[in-house]
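> mmCIF, C-alpha atoms, saved as input-v8.cif, coming up:
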```cif
data_protein
#
loop_
_atom_site.group_PDB
_atom_site.id
_atom_site.type_symbol
_atom_site.label_atom_id
_atom_site.label_comp_id
_atom_site.auth_asym_id
_atom_site.auth_seq_id
_atom_site.Cartn_x
_atom_site.Cartn_y
_atom_site.Cartn_z
ATOM 1 C CA MET O 2 36.072 -28.705 37.039
ATOM 2 C CA ARG O 3 32.802 -29.841 35.484
ATOM 3 C CA LEU O 4 30.969 -28.679 38.610
ATOM 4 C CA LEU O 5 32.589 -25.244 38.308
ATOM 5 C CA THR O 6 31.501 -24.978 34.667
ATOM 6 C CA LEU O 7 27.944 -26.001 35.558
ATOM 7 C CA LEU O 8 27.787 -23.449 38.381
ATOM 8 C CA THR O 9 29.086 -20.720 36.045
ATOM 9 C CA ILE O 10 26.425 -21.433 33.406
ATOM 10 C CA THR O 11 23.729 -21.510 36.107
ATOM 11 C CA PHE O 12 24.970 -18.140 37.357
ATOM 12 C CA LEU O 13 24.678 -16.663 33.857
ATOM 13 C CA ILE O 14 21.143 -17.982 33.420
ATOM 14 C CA ILE O 15 19.849 -16.828 36.811
ATOM 15 C CA PHE O 16 21.529 -13.456 37.174
ATOM 16 C CA GLY O 17 21.921 -12.724 33.478
ATOM 17 C CA HIS O 18 18.212 -13.216 32.836
ATOM 18 C CA ASP O 19 17.215 -10.063 34.670
ATOM 19 C CA SER O 20 19.898 -8.070 32.888
ATOM 20 C CA ASN O 21 18.829 -9.423 29.480
ATOM 21 C CA ALA O 22 15.130 -8.860 30.270
ATOM 22 C CA GLN O 23 15.869 -5.211 30.989
ATOM 23 C CA ARG O 24 18.293 -4.818 28.079
ATOM 24 C CA TRP O 25 15.556 -3.357 25.856
ATOM 25 C CA LYS O 26 15.436 -0.238 28.064
ATOM 26 C CA LYS O 27 18.852 0.751 26.727
ATOM 27 C CA TYR O 28 17.418 0.847 23.189
ATOM 28 C CA ARG O 29 14.056 2.592 23.597
ATOM 29 C CA HIS O 30 14.639 5.260 20.927
ATOM 30 C CA GLU O 31 14.860 4.251 17.290
ATOM 31 C CA ILE O 32 14.688 5.925 13.882
ATOM 32 C CA GLN O 33 14.014 4.333 10.528
ATOM 33 C CA GLY O 34 14.120 5.135 6.836
ATOM 34 C CA GLY O 35 12.766 3.007 4.046
ATOM 35 C CA VAL O 36 11.510 2.562 0.516
ATOM 36 C CA GLY O 37 8.765 0.415 -0.892
ATOM 37 C CA ALA O 38 5.902 -0.229 -3.263
ATOM 38 C CA THR O 39 2.303 0.979 -3.244
ATOM 39 C CA SER O 40 -0.908 -0.426 -4.637
ATOM 40 C CA PHE O 41 -4.246 1.365 -5.044
ATOM 41 C CA LEU O 42 -7.529 -0.436 -4.430
ATOM 42 C CA GLY O 43 -10.529 1.508 -5.656
ATOM 43 C CA GLU O 44 -12.801 1.881 -8.676
ATOM 44 C CA LEU O 45 -10.093 2.110 -11.341
ATOM 45 C CA GLY O 46 -8.028 -0.663 -12.839
ATOM 46 C CA GLY O 47 -8.084 -4.011 -11.056
ATOM 47 C CA GLY O 48 -7.826 -7.684 -11.840
ATOM 48 C CA GLU O 49 -9.870 -10.004 -14.003
ATOM 49 C CA GLY O 50 -13.662 -9.669 -14.085
ATOM 50 C CA PRO O 51 -15.911 -7.211 -12.226
ATOM 51 C CA GLY O 52 -14.528 -5.129 -9.361
ATOM 52 C CA LYS O 53 -13.768 -6.951 -6.087
ATOM 53 C CA ASP O 54 -12.930 -5.917 -2.536
ATOM 54 C CA LEU O 55 -9.425 -5.196 -1.229
ATOM 55 C CA PHE O 56 -6.499 -7.337 -2.470
ATOM 56 C CA LEU O 57 -8.846 -9.500 -4.562
ATOM 57 C CA ASP O 58 -8.791 -6.655 -7.098
ATOM 58 C CA PHE O 59 -5.003 -6.208 -7.000
ATOM 59 C CA ASP O 60 -3.480 -4.570 -10.089
ATOM 60 C CA GLY O 61 0.302 -4.963 -10.156
ATOM 61 C CA LYS O 62 0.727 -2.763 -13.258
ATOM 62 C CA SER O 63 -0.436 0.267 -11.303
ATOM 63 C CA SER O 64 2.023 -0.235 -8.406
ATOM 64 C CA ARG O 65 4.237 2.757 -7.667
ATOM 65 C CA TYR O 66 6.943 3.748 -5.144
ATOM 66 C CA LEU O 67 7.172 5.317 -1.691
ATOM 67 C CA ILE O 68 9.796 6.706 0.674
ATOM 68 C CA THR O 69 9.280 6.915 4.412
ATOM 69 C CA GLY O 70 10.933 7.947 7.653
ATOM 70 C CA GLY O 71 9.881 7.387 11.229
ATOM 71 C CA TYR O 72 10.599 7.344 14.960
ATOM 72 C CA ARG O 73 9.866 4.388 17.273
ATOM 73 C CA TYR O 74 9.672 4.457 21.083
ATOM 74 C CA LYS O 75 9.712 1.150 22.936
ATOM 75 C CA LEU O 76 7.014 1.147 25.625
ATOM 76 C CA ALA O 77 7.758 -2.363 26.867
ATOM 77 C CA GLU O 78 9.591 -5.462 25.698
ATOM 78 C CA PHE O 79 6.502 -6.469 23.716
ATOM 79 C CA ALA O 80 5.084 -3.078 22.632
ATOM 80 C CA SER O 81 6.198 0.086 20.824
ATOM 81 C CA ALA O 82 4.716 3.312 19.522
ATOM 82 C CA ARG O 83 5.778 4.730 16.165
ATOM 83 C CA ALA O 84 5.234 7.848 14.057
ATOM 84 C CA ASN O 85 5.951 8.019 10.305
ATOM 85 C CA ILE O 86 5.869 10.481 7.453
ATOM 86 C CA THR O 87 5.583 8.969 3.973
ATOM 87 C CA TYR O 88 5.657 10.302 0.441
ATOM 88 C CA ALA O 89 4.011 7.915 -2.030
ATOM 89 C CA ARG O 90 2.616 7.716 -5.544
ATOM 90 C CA LEU O 91 -0.684 5.999 -6.328
ATOM 91 C CA SER O 92 -2.264 5.292 -9.693
ATOM 92 C CA GLY O 93 -5.054 3.358 -11.373
ATOM 93 C CA ASN O 94 -6.009 2.782 -14.994
ATOM 94 C CA ASP O 95 -9.033 1.051 -16.516
ATOM 95 C CA ALA O 96 -6.867 0.067 -19.486
ATOM 96 C CA PHE O 97 -5.190 -2.522 -17.210
ATOM 97 C CA ALA O 98 -8.488 -4.003 -15.992
ATOM 98 C CA GLY O 99 -9.548 -7.486 -17.043
ATOM 99 C CA ASP O 100 -13.202 -6.454 -17.463
ATOM 100 C CA VAL O 101 -14.392 -5.012 -20.809
ATOM 101 C CA HIS O 102 -16.893 -2.667 -19.143
ATOM 102 C CA ARG O 103 -14.138 -1.038 -17.101
ATOM 103 C CA GLN O 104 -11.922 -0.886 -20.182
ATOM 104 C CA SER O 105 -14.686 0.965 -22.022
ATOM 105 C CA ARG O 106 -15.094 3.384 -19.103
ATOM 106 C CA ASN O 107 -11.456 4.351 -19.775
ATOM 107 C CA LEU O 108 -10.843 6.311 -16.577
ATOM 108 C CA SER O 109 -7.362 6.766 -15.125
ATOM 109 C CA PHE O 110 -5.580 8.831 -12.490
ATOM 110 C CA ARG O 111 -2.360 9.344 -10.609
ATOM 111 C CA THR O 112 -1.685 11.183 -7.390
ATOM 112 C CA ALA O 113 1.113 12.126 -5.040
ATOM 113 C CA LEU O 114 0.230 11.295 -1.455
ATOM 114 C CA ILE O 115 1.743 12.674 1.755
ATOM 115 C CA GLU O 116 0.827 10.648 4.831
ATOM 116 C CA LEU O 117 1.373 11.123 8.577
ATOM 117 C CA THR O 118 0.611 8.138 10.826
ATOM 118 C CA ALA O 119 0.847 7.154 14.479
ATOM 119 C CA VAL O 120 0.646 3.426 15.221
ATOM 120 C CA GLY O 121 1.039 1.009 18.077
ATOM 121 C CA GLU O 122 3.033 -2.197 17.623
ATOM 122 C CA VAL O 123 2.469 -5.430 19.562
ATOM 123 C CA TYR O 124 5.211 -8.057 19.188
ATOM 124 C CA PHE O 125 4.082 -11.673 18.952
ATOM 125 C CA ILE O 126 7.753 -12.599 18.499
ATOM 126 C CA ARG O 127 9.605 -10.384 20.936
ATOM 127 C CA GLU O 128 12.769 -8.569 20.039
ATOM 128 C CA LYS O 129 15.648 -9.903 22.136
ATOM 129 C CA LEU O 130 19.015 -8.280 21.732
ATOM 130 C CA SER O 131 21.870 -10.777 21.596
ATOM 131 C CA SER O 132 24.376 -11.121 24.419
ATOM 132 C CA ARG O 133 27.307 -13.318 23.512
ATOM 133 C CA TYR O 134 29.060 -15.340 26.183
ATOM 134 C CA LYS O 135 31.892 -17.856 26.294
ATOM 135 C CA VAL O 136 32.549 -20.270 29.132
ATOM 136 C CA ARG O 137 35.705 -22.355 28.672
ATOM 137 C CA GLY O 138 35.096 -23.367 25.098
ATOM 138 C CA ILE O 139 31.289 -23.166 25.292
ATOM 139 C CA LYS O 140 29.907 -20.443 23.094
ATOM 140 C CA GLY O 141 26.332 -19.225 23.373
ATOM 141 C CA ASP O 142 23.903 -16.571 22.170
ATOM 142 C CA LEU O 143 21.227 -15.276 24.515
ATOM 143 C CA GLY O 144 18.180 -14.125 22.573
ATOM 144 C CA SER O 145 17.100 -14.077 18.954
ATOM 145 C CA SER O 146 17.742 -11.614 16.123
ATOM 146 C CA LEU O 147 14.260 -12.009 14.650
ATOM 147 C CA SER O 148 11.102 -10.297 15.897
ATOM 148 C CA ALA O 149 7.622 -9.819 14.434
ATOM 149 C CA TYR O 150 4.683 -7.582 15.236
ATOM 150 C CA LEU O 151 1.176 -6.477 14.387
ATOM 151 C CA PHE O 152 0.394 -2.774 14.106
ATOM 152 C CA GLY O 153 -2.601 -0.474 13.965
ATOM 153 C CA GLY O 154 -3.295 3.203 14.451
ATOM 154 C CA VAL O 155 -4.555 6.375 12.837
ATOM 155 C CA GLY O 156 -3.269 8.748 10.182
ATOM 156 C CA GLY O 157 -3.993 11.647 7.906
ATOM 157 C CA PHE O 158 -3.019 12.268 4.301
ATOM 158 C CA PHE O 159 -3.124 14.771 1.461
ATOM 159 C CA PHE O 160 -3.863 13.645 -2.095
ATOM 160 C CA ASN O 161 -4.522 15.332 -5.441
ATOM 161 C CA PRO O 162 -5.810 13.032 -8.228
ATOM 162 C CA ARG O 163 -4.728 14.122 -11.700
ATOM 163 C CA GLY O 164 -5.633 12.965 -15.204
ATOM 164 C CA LYS O 165 -4.028 13.302 -18.634
ATOM 165 C CA PHE O 166 -6.198 15.175 -21.148
ATOM 166 C CA VAL O 167 -5.797 12.803 -24.087
ATOM 167 C CA GLY O 168 -9.065 14.049 -25.578
ATOM 168 C CA ASN O 169 -11.288 12.790 -28.403
ATOM 169 C CA SER O 170 -13.085 14.172 -31.458
ATOM 170 C CA THR O 171 -15.640 16.009 -29.297
ATOM 171 C CA TYR O 172 -13.183 17.397 -26.749
ATOM 172 C CA PRO O 173 -9.716 17.716 -28.374
ATOM 173 C CA GLY O 174 -6.941 17.134 -25.855
ATOM 174 C CA ASP O 175 -3.600 18.781 -25.166
ATOM 175 C CA ASP O 176 -1.856 15.843 -23.401
ATOM 176 C CA LYS O 177 -1.421 17.946 -20.243
ATOM 177 C CA TRP O 178 -2.101 16.746 -16.703
ATOM 178 C CA TYR O 179 -4.988 18.368 -14.806
ATOM 179 C CA SER O 180 -5.990 18.264 -11.152
ATOM 180 C CA LEU O 181 -9.405 16.588 -11.209
ATOM 181 C CA GLN O 182 -10.960 17.772 -7.945
ATOM 182 C CA PRO O 183 -11.390 21.433 -9.034
ATOM 183 C CA LEU O 184 -13.155 20.278 -12.227
ATOM 184 C CA GLY O 185 -16.056 18.552 -10.465
ATOM 185 C CA THR O 186 -16.104 15.626 -12.890
ATOM 186 C CA GLU O 187 -19.236 14.151 -11.293
ATOM 187 C CA GLY O 188 -20.994 17.496 -11.221
ATOM 188 C CA GLN O 189 -19.759 18.496 -7.752
ATOM 189 C CA GLY O 190 -20.218 22.179 -7.016
ATOM 190 C CA GLN O 191 -23.121 22.663 -9.439
ATOM 191 C CA ALA O 192 -26.568 23.726 -8.238
ATOM 192 C CA GLY O 193 -28.326 20.840 -6.515
ATOM 193 C CA LYS O 194 -25.146 18.702 -6.549
ATOM 194 C CA PRO O 195 -22.813 17.755 -3.657
ATOM 195 C CA LYS O 196 -19.923 20.063 -2.821
ATOM 196 C CA LYS O 197 -16.424 19.195 -3.992
ATOM 197 C CA TYR O 198 -14.617 16.623 -1.871
ATOM 198 C CA SER O 199 -11.692 17.486 0.401
ATOM 199 C CA ARG O 200 -8.178 16.489 -0.613
ATOM 200 C CA ILE O 201 -7.243 16.016 3.059
ATOM 201 C CA ASN O 202 -8.544 12.872 4.715
ATOM 202 C CA MET O 203 -7.965 10.283 7.444
ATOM 203 C CA CYS O 204 -6.876 6.666 7.261
ATOM 204 C CA ILE O 205 -6.625 3.639 9.542
ATOM 205 C CA PRO O 206 -3.298 1.832 9.000
ATOM 206 C CA VAL O 207 -3.135 -1.872 9.982
ATOM 207 C CA GLY O 208 -0.686 -4.588 9.084
ATOM 208 C CA VAL O 209 2.177 -6.887 10.034
ATOM 209 C CA GLY O 210 5.939 -6.491 10.123
ATOM 210 C CA ALA O 211 9.181 -8.313 10.932
ATOM 211 C CA LYS O 212 12.626 -7.090 12.018
ATOM 212 C CA PHE O 213 16.049 -8.712 11.893
ATOM 213 C CA ASN O 214 18.842 -7.315 14.052
ATOM 214 C CA LEU O 215 22.136 -6.976 12.222
ATOM 215 C CA THR O 216 23.868 -5.543 15.320
ATOM 216 C CA PRO O 217 22.565 -4.371 18.704
ATOM 217 C CA THR O 218 21.832 -0.966 17.115
ATOM 218 C CA MET O 219 21.055 -1.765 13.466
ATOM 219 C CA ALA O 220 18.168 -3.768 12.023
ATOM 220 C CA ILE O 221 16.338 -4.257 8.766
ATOM 221 C CA SER O 222 12.560 -4.570 8.673
ATOM 222 C CA LEU O 223 9.894 -5.625 6.205
ATOM 223 C CA GLU O 224 6.352 -4.366 6.672
ATOM 224 C CA TYR O 225 3.079 -4.867 4.812
ATOM 225 C CA GLY O 226 -0.050 -2.918 5.598
ATOM 226 C CA PHE O 227 -3.438 -1.633 4.440
ATOM 227 C CA ARG O 228 -4.706 1.936 4.729
ATOM 228 C CA TYR O 229 -8.475 2.080 5.118
ATOM 229 C CA THR O 230 -9.613 5.605 4.203
ATOM 230 C CA PHE O 231 -12.701 7.713 4.799
ATOM 231 C CA THR O 232 -12.978 8.887 1.204
ATOM 232 C CA ASP O 233 -14.091 7.321 -2.071
ATOM 233 C CA TYR O 234 -12.351 9.962 -4.164
ATOM 234 C CA LEU O 235 -8.677 8.994 -4.149
ATOM 235 C CA ASP O 236 -9.224 8.246 -7.856
ATOM 236 C CA ASP O 237 -11.837 11.040 -8.378
ATOM 237 C CA VAL O 238 -14.496 8.368 -9.033
ATOM 238 C CA SER O 239 -17.412 7.518 -6.760
ATOM 239 C CA THR O 240 -21.023 8.001 -7.931
ATOM 240 C CA VAL O 241 -22.686 8.493 -11.365
ATOM 241 C CA TYR O 242 -21.981 10.071 -14.751
ATOM 242 C CA ALA O 243 -22.648 13.796 -14.947
ATOM 243 C CA ASP O 244 -23.961 15.723 -17.936
ATOM 244 C CA GLN O 245 -20.856 16.668 -19.941
ATOM 245 C CA PRO O 246 -22.172 19.992 -21.366
ATOM 246 C CA SER O 247 -23.063 21.094 -17.815
ATOM 247 C CA VAL O 248 -19.611 20.140 -16.536
ATOM 248 C CA LYS O 249 -18.034 22.034 -19.439
ATOM 249 C CA ALA O 250 -20.108 25.162 -18.772
ATOM 250 C CA ALA O 251 -19.123 25.152 -15.084
ATOM 251 C CA ASN O 252 -15.371 25.192 -15.805
ATOM 252 C CA GLY O 253 -14.773 28.118 -18.162
ATOM 253 C CA GLY O 254 -11.417 27.813 -19.912
ATOM 254 C CA ASN O 255 -10.927 24.281 -18.634
ATOM 255 C CA GLY O 256 -14.376 23.228 -19.837
ATOM 256 C CA ASN O 257 -13.250 20.840 -22.569
ATOM 257 C CA ALA O 258 -10.875 19.059 -20.194
ATOM 258 C CA ALA O 259 -13.541 18.813 -17.465
ATOM 259 C CA ALA O 260 -16.130 17.418 -19.882
ATOM 260 C CA TYR O 261 -13.676 14.851 -21.229
ATOM 261 C CA PHE O 262 -12.675 13.646 -17.754
ATOM 262 C CA ALA O 263 -16.355 13.331 -16.826
ATOM 263 C CA ASN O 264 -16.734 10.554 -19.403
ATOM 264 C CA PRO O 265 -13.739 9.596 -21.588
ATOM 265 C CA SER O 266 -15.314 6.287 -22.699
ATOM 266 C CA VAL O 267 -13.983 4.354 -25.687
ATOM 267 C CA VAL O 268 -15.480 1.542 -27.759
ATOM 268 C CA VAL O 269 -14.433 -1.972 -26.686
ATOM 269 C CA MET O 270 -15.539 -5.144 -28.439
ATOM 270 C CA ASP O 271 -16.549 -8.157 -26.348
ATOM 271 C CA GLY O 272 -16.724 -10.800 -29.063
ATOM 272 C CA GLU O 273 -19.369 -9.365 -31.404
ATOM 273 C CA THR O 274 -20.804 -7.081 -28.696
ATOM 274 C CA ARG O 275 -19.951 -3.396 -28.840
ATOM 275 C CA ILE O 276 -19.298 -1.945 -25.352
ATOM 276 C CA TYR O 277 -19.496 1.846 -25.092
ATOM 277 C CA LYS O 278 -20.444 4.087 -22.164
ATOM 278 C CA GLY O 279 -20.054 7.419 -23.935
ATOM 279 C CA SER O 280 -23.630 8.086 -25.082
ATOM 280 C CA PRO O 281 -25.766 10.773 -23.395
ATOM 281 C CA GLY O 282 -28.000 7.977 -22.089
ATOM 282 C CA PHE O 283 -25.336 7.133 -19.501
ATOM 283 C CA VAL O 284 -25.930 10.399 -17.594
ATOM 284 C CA GLY O 285 -26.999 9.390 -14.087
ATOM 285 C CA GLN O 286 -25.795 5.802 -14.560
ATOM 286 C CA GLN O 287 -23.173 4.172 -12.333
ATOM 287 C CA ARG O 288 -19.656 5.529 -12.722
ATOM 288 C CA GLY O 289 -18.175 4.269 -9.441
ATOM 289 C CA ASN O 290 -19.236 2.550 -6.233
ATOM 290 C CA ALA O 291 -20.180 5.015 -3.510
ATOM 291 C CA ASN O 292 -20.799 2.176 -1.036
ATOM 292 C CA SER O 293 -17.102 1.330 -0.707
ATOM 293 C CA ASN O 294 -14.321 3.743 0.258
ATOM 294 C CA ASP O 295 -10.900 3.559 -1.374
ATOM 295 C CA THR O 296 -7.981 1.651 0.122
ATOM 296 C CA TYR O 297 -4.261 1.544 -0.566
ATOM 297 C CA MET O 298 -1.432 -0.780 0.454
ATOM 298 C CA PHE O 299 2.198 -0.227 1.402
ATOM 299 C CA ALA O 300 5.038 -2.762 1.335
ATOM 300 C CA ILE O 301 8.113 -1.243 3.019
ATOM 301 C CA LEU O 302 11.737 -2.317 3.381
ATOM 302 C CA ALA O 303 13.454 -0.167 6.029
ATOM 303 C CA LEU O 304 16.744 0.295 7.856
ATOM 304 C CA ASN O 305 16.372 0.910 11.603
ATOM 305 C CA TYR O 306 18.879 2.485 13.996
ATOM 306 C CA LYS O 307 18.611 2.302 17.806
ATOM 307 C CA PHE O 308 20.080 4.964 20.085
ATOM 308 C CA VAL O 309 21.867 3.490 23.102
ATOM 309 C CA SER O 310 20.975 4.906 26.500
ATOM 310 C CA LYS O 311 23.898 5.733 28.811
ATOM 311 C CA LYS O 312 22.038 4.109 31.692
ATOM 312 C CA THR O 313 22.961 0.520 32.475
ATOM 313 C CA ASN O 314 20.901 -2.232 34.037
ATOM 314 C CA ARG O 315 23.544 -4.468 35.557
ATOM 315 C CA PRO O 316 22.416 -6.986 38.181
ATOM 316 C CA LYS O 317 23.049 -5.902 41.756
ATOM 317 C CA PHE O 318 24.273 -8.300 44.453
#
```
Give the structure from the file, written as structure tokens.


Amino acid sequence: MRLLTLLTITFLIIFGHDSNAQRWKKYRHEIQGGVGATSFLGELGGGEGPGKDLFLDFDGKSSRYLITGGYRYKLAEFASARANITYARLSGNDAFAGDVHRQSRNLSFRTALIELTAVGEVYFIREKLSSRYKVRGIKGDLGSSLSAYLFGGVGGFFFNPRGKFVGNSTYPGDDKWYSLQPLGTEGQGQAGKPKKYSRINMCIPVGVGAKFNLTPTMAISLEYGFRYTFTDYLDDVSTVYADQPSVKAANGGNGNAAAYFANPSVVVMDGETRIYKGSPGFVGQQRGNANSNDTYMFAILALNYKFVSKKTNRPKF
């Protein structure tokens, strides 16, 4: 009897292996929907001290939300291709920065972002769908419910940075939100100045993710990734301060708002030192960092559903 049990288990291992190895082909098509958090990494806001690169300048107070949906196609047991559409909110605010010079600069923005991406996934922990078996009191589970992957690809997105016209004594505000790109807050569009930037741009998404199978067709996933962009204007800030009267003259009825957004500086005290970037002498001085494009991060929790193919891959004898 023990010999029969041993032969049965050996049979399952030898002939079941090929069936289990091909099992993924029954679940090649998958859809997902998820929610998550965003974080902007650019000139505005940030952590303690002067601006830093990438997550070193993380500002949790400016984190916002996202919703996403996607389709995954399994190319092999260790690789998949995926397409996603995502609606997200990004924001940044110098008031949250730990550096007094950025606090005095007093710039802020928010934007809706619509992103389309196509990525490839390579699994360093392969997804193996469970196949339960029972042999005379011996229970087993072929495979693991956990998988993990790295991803990278290409994407495009639309953004529209906006600012609240709080105003000051020189340019009284109305507390309304204005799209900043049409205003040319760094003098864009004026004679001898660069043209206004595009609100459509490309990104390179990269990151890591993990999935846990709840059933053969349902799984939850957690993903964290960066989006490297080809623009420095997600926050409408990149180069130097423009002349406020010139910006006002170029914007007609929105002149006061445009001039305010060009330089909304406030006085900040650093001990006994008065920090203020609002004087005319700051025209042409650094407002942003044109040598570093903006980046944003997504953390996504998603529910995934696999469609089962009608084809079977049973071992043939």

> Considering only C-alpha atoms, return as a VMD selection string whatever protein or nucleic-acid residues lie within 8 Å of stretch 76-91 of chain O, sequence-local ones (same chain, fewer than 3 positions apart) excluded.

chain O and resid 22 25 29 39 to 41 63 to 73 111 to 125 127 to 128

> Could you tell me how far atom CA of O:Tyr242 sits from atom CA of O:Thr171, in Å to one decimal place?

16.9 Å

> Find, counting only C-alpha atoms, the residue in O:Phe152, O:Tyr306, O:Phe97, O:Phe231 that gets nearest to O:Met203.

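The shortest atom-to-atom distance to O:Met203 comes from O:Phe231.
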
> As a ChimeraX atom specification, please: the residues near O:Lys194 (cut-off 12 Å, only C-alpha atoms, same-chain neighbours under 4 positions excluded).

/O:185-190,198,240-241,243-244,247-248

> Would you mind listing what lies within 8 Å of O:Val268 as a ChimeraX atom specification, with all atoms listed in the file counted and same-chain residues fewer than 3 positions away left out?

/O:105,275-278

> May I have the protein, DNA and RNA residues with an atom at most 9 Å from (-12.7, 0.9, -12.6), counting all atoms listed in the file in the file's coordinates, returned as a PyMOL selection string?

chain O and resi 43-47+51-52+93-95+98+100+102-104+106-109+238+288-289

> To one decimal place in Å, what is the distance between atom CA of O:Ser239 and atom CA of O:Gln287?

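Result for atom CA of O:Ser239 versus atom CA of O:Gln287: 8.7 Å, one decimal.
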
> Selection in question (the file shown): the PyMOL selection byres ((chain O and resi 310) around 9). Which residues does it include, as a list in words?

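Selected by the PyMOL selection byres ((chain O and resi 310) around 9) in this file: Lys26, Lys27, Tyr28, Arg29, His30, Phe308, Val309, Lys311, Lys312 and Thr313 of chain O.
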
> As an exercise, work out the distance from atom CA of O:Ser148 to atom CA of O:Lys212 in Å and give it to one decimal place.

5.3 Å

> First collect every listed atom of stretch 223-242 of chain O; then fit an axis-aligned box around them, widen it by 6 Å on each side, and give centre and edge lengths in Å to one decimal, as JSON.


```
{"center_x": -6.4, "center_y": 2.7, "center_z": -4.0, "size_x": 44.6, "size_y": 28.7, "size_z": 33.4}
```

> I would like the residues chosen by the PyMOL selection byres ((chain O and resi 295) around 9) on the shown file; could you give them as a VMD selection string?

chain O and resid 41 to 44 55 228 to 236 293 to 294 296 to 297
